[in-house]
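Visitor: One structure coming up, written as structure tokens, with questions to follow.
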Amino acid sequence: MLVSTGENLHPGLGSEPDARDLPLTEAGRRLRVLFLCTHNSARSQMAEGILRHMAGDQVEVESAGTEVTRVHPLAIKTMAVRGIDIGGQRSKHLDEFLDQSFDYVISVCDNARESCPIFPGTPDRIHWSIPDPSSVEGDDQKREAAFDRAADDLFTRIRYLISLLQRRRG
């Protein structure tokens with residue numbers, strides 16, 4: 001009963017969505033999602049890993065940035081604690097994807113939203129303003145807490161996204 005109430009308040013608060021129920025596009029292919037942020041080092045990398053983990057082969061997911069750096073070690077550590085390995089992911093520039101079609105382009109920082117180019121096929125654009133955990137200064141505990149907050153926020157938003165995609169199918 002509590003799960004049902006949570007789902008009615010906000011789809012992301014319900015039970016873990018089953019991504020096997022995600023719809024295919026009208027063309028019969030898997031949905032394609034691109035996460036964008038500035039450096040493609042933390043937020044977008046974690047989002048890519050989370051959606052890939054939750055949706056498996058039901059969704060093609062990528063991430064990119066307006067600048068290329070590296071996957072932040074604390075992003076890798078934060079996801080590993082949650083059972084998701086993003087250690088093999090790499091930082092990519094959004095130019096790698098300019099000629100590709102996506103169903104959803106999700107910016108996870110304000111800067112990426114402002115500089116987001118137009119992608120073929122007019123994907124749905126979503127913006128999630130998530131504070132940059134890599135910009136937090138201080139001791140290890142404070143920095144790790146910032147990455148934990150970002151990961152928790154992304155998990156909630158991605159659960160909601162999956163629920164939304166499932167409802168659109170109906």
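Just remember, in the structure tokens the first chain shown is A, the second B, etc., residues are 1-based per chain, and ligands are 1-based in the order shown.
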Report as a PyMOL selection string all protein, DNA and RNA residues lying within 12 Å of Thr78 in chain A, evaluated on only C-alpha atoms, omitting residues in the same chain fewer than 3 positions from it.

Guide: chain A and resi 42-43+45-47+49-50+71-75+81-87+133+143-152

Visitor: Pull N, CA, C and O atoms from the residues just selected and write them as a short mmCIF file (atom, residue, chain, number, x, y, z; two decimals), in the first residue's frame.

Guide:
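So the final result, stored in out.cif, reads:
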```cif
data_model
loop_
_atom_site.label_atom_id
_atom_site.label_comp_id
_atom_site.auth_asym_id
_atom_site.auth_seq_id
_atom_site.Cartn_x
_atom_site.Cartn_y
_atom_site.Cartn_z
N ALA A 42 31.49 13.20 -14.33
CA ALA A 42 30.82 12.71 -13.13
C ALA A 42 29.33 12.48 -13.37
O ALA A 42 28.88 11.35 -13.56
N ARG A 43 28.53 13.56 -13.37
CA ARG A 43 27.07 13.43 -13.43
C ARG A 43 26.60 12.65 -14.65
O ARG A 43 25.81 11.70 -14.52
N GLN A 45 28.31 10.70 -16.61
CA GLN A 45 28.88 9.35 -16.58
C GLN A 45 28.09 8.45 -15.63
O GLN A 45 27.79 7.30 -15.95
N MET A 46 27.76 9.00 -14.45
CA MET A 46 26.99 8.21 -13.49
C MET A 46 25.60 7.93 -14.06
O MET A 46 25.09 6.81 -13.95
N ALA A 47 24.97 8.92 -14.70
CA ALA A 47 23.65 8.73 -15.28
C ALA A 47 23.69 7.64 -16.36
O ALA A 47 22.80 6.77 -16.42
N GLY A 49 25.76 5.14 -16.58
CA GLY A 49 25.92 3.85 -15.91
C GLY A 49 24.64 3.37 -15.22
O GLY A 49 24.29 2.19 -15.29
N ILE A 50 23.93 4.31 -14.59
CA ILE A 50 22.70 3.94 -13.88
C ILE A 50 21.64 3.46 -14.86
O ILE A 50 21.02 2.42 -14.67
N VAL A 71 36.86 10.32 -16.68
CA VAL A 71 35.84 9.91 -15.72
C VAL A 71 36.45 10.10 -14.34
O VAL A 71 37.55 9.60 -14.05
N HIS A 72 35.77 10.85 -13.50
CA HIS A 72 36.29 11.19 -12.18
C HIS A 72 36.40 9.94 -11.31
O HIS A 72 35.47 9.13 -11.24
N PRO A 73 37.53 9.75 -10.63
CA PRO A 73 37.71 8.56 -9.78
C PRO A 73 36.62 8.41 -8.71
O PRO A 73 36.21 7.29 -8.41
N LEU A 74 36.12 9.53 -8.17
CA LEU A 74 35.06 9.42 -7.16
C LEU A 74 33.72 9.02 -7.79
O LEU A 74 32.89 8.40 -7.13
N ALA A 75 33.51 9.34 -9.05
CA ALA A 75 32.30 8.86 -9.74
C ALA A 75 32.38 7.34 -9.90
O ALA A 75 31.39 6.63 -9.66
N VAL A 81 30.27 1.26 -5.34
CA VAL A 81 29.62 0.97 -4.06
C VAL A 81 28.17 0.55 -4.29
O VAL A 81 27.62 -0.24 -3.54
N ARG A 82 27.56 1.04 -5.35
CA ARG A 82 26.17 0.73 -5.69
C ARG A 82 26.05 -0.45 -6.66
O ARG A 82 24.98 -0.73 -7.19
N GLY A 83 27.17 -1.11 -6.92
CA GLY A 83 27.16 -2.30 -7.78
C GLY A 83 27.16 -2.01 -9.26
O GLY A 83 26.78 -2.87 -10.06
N ILE A 84 27.58 -0.80 -9.64
CA ILE A 84 27.60 -0.42 -11.06
C ILE A 84 29.03 -0.05 -11.43
O ILE A 84 29.64 0.82 -10.82
N ASP A 85 29.56 -0.73 -12.45
CA ASP A 85 30.94 -0.50 -12.88
C ASP A 85 30.95 0.48 -14.05
O ASP A 85 30.49 0.16 -15.14
N ILE A 86 31.47 1.69 -13.82
CA ILE A 86 31.63 2.66 -14.91
C ILE A 86 33.11 2.88 -15.21
O ILE A 86 33.47 3.80 -15.94
N GLY A 87 33.96 2.02 -14.68
CA GLY A 87 35.39 2.15 -14.86
C GLY A 87 35.84 2.04 -16.31
O GLY A 87 36.88 2.57 -16.68
N PRO A 133 29.32 17.49 -8.36
CA PRO A 133 30.06 17.00 -7.19
C PRO A 133 31.56 17.20 -7.32
O PRO A 133 32.27 17.31 -6.31
N ARG A 143 33.75 15.54 -0.06
CA ARG A 143 33.71 15.31 -1.51
C ARG A 143 32.92 14.03 -1.83
O ARG A 143 32.10 14.01 -2.75
N GLU A 144 33.15 12.97 -1.07
CA GLU A 144 32.41 11.72 -1.30
C GLU A 144 30.93 11.91 -1.05
O GLU A 144 30.10 11.36 -1.78
N ALA A 145 30.57 12.72 -0.06
CA ALA A 145 29.15 13.00 0.23
C ALA A 145 28.50 13.72 -0.95
O ALA A 145 27.33 13.46 -1.27
N ALA A 146 29.23 14.60 -1.61
CA ALA A 146 28.69 15.31 -2.77
C ALA A 146 28.41 14.33 -3.91
O ALA A 146 27.38 14.42 -4.60
N PHE A 147 29.30 13.37 -4.13
CA PHE A 147 29.08 12.36 -5.16
C PHE A 147 27.92 11.45 -4.79
O PHE A 147 27.12 11.07 -5.66
N ASP A 148 27.79 11.12 -3.52
CA ASP A 148 26.65 10.31 -3.07
C ASP A 148 25.33 11.03 -3.32
O ASP A 148 24.37 10.42 -3.79
N ARG A 149 25.27 12.33 -3.01
CA ARG A 149 24.04 13.10 -3.24
C ARG A 149 23.69 13.13 -4.73
O ARG A 149 22.53 12.94 -5.11
N ALA A 150 24.69 13.35 -5.57
CA ALA A 150 24.44 13.38 -7.02
C ALA A 150 23.95 12.02 -7.50
O ALA A 150 23.00 11.94 -8.29
N ALA A 151 24.57 10.95 -7.04
CA ALA A 151 24.15 9.60 -7.45
C ALA A 151 22.73 9.31 -6.98
O ALA A 151 21.92 8.77 -7.75
N ASP A 152 22.41 9.65 -5.74
CA ASP A 152 21.05 9.42 -5.23
C ASP A 152 20.03 10.19 -6.06
O ASP A 152 18.96 9.67 -6.40
#
```

Visitor: Quick one: residues within 8 Å of Arg32 in chain A, only C-alpha atoms counted, chain neighbours fewer than 3 positions away excluded, as a list in words?

Guide: Val59, Glu60, Val61, Ser101, Phe102, Asp103 and Tyr104 of chain A

Visitor: Run DSSP on the backbone of this structure and report the residues of range 27-127 of chain A it assigns to strand (DSSP E or B), as JSON, numbers by chain.

Guide: {"A": [31, 32, 33, 34, 35, 36, 37, 59, 60, 61, 62, 63, 64, 65, 93, 104, 105, 106, 107, 124, 125, 126, 127]}

Visitor: Give me, please, the distance in Å between CA of Leu154 in chain A and CA of His39 in chain A, quoted to one decimal.

Guide: 16.8 Å

Visitor: Based on DSSP run over this structure's backbone, return all residues of range 15-100 of chain A in alpha helix (DSSP H), as a list of chain:residue names.

Guide: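 Taking range 15-100 of chain A and keeping alpha helix (DSSP H) only, one gets A:Arg43, A:Ser44, A:Gln45, A:Met46, A:Ala47, A:Glu48, A:Gly49, A:Ile50, A:Leu51, A:Arg52, A:His53, A:Met54, A:Ala55, A:Pro73, A:Leu74, A:Ala75, A:Ile76, A:Lys77, A:Thr78, A:Met79, A:Ala80, A:Val81.
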
Visitor: Which is closest to Glu62 in chain A among A:Lys142, A:Arg90, A:Arg29, A:Arg159, if we use only C-alpha atoms?

Guide: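 Ranked by minimum distance to Glu62 in chain A, first place goes to A:Arg90.
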
Visitor: Name the closest residue to Leu31 in chain A among the candidates A:Leu165, A:Met54, A:Ile130, A:Val136; distances are taken between atoms, counting only C-alpha atoms.

Guide: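 Ranked by minimum distance to Leu31 in chain A, first place goes to A:Leu165.
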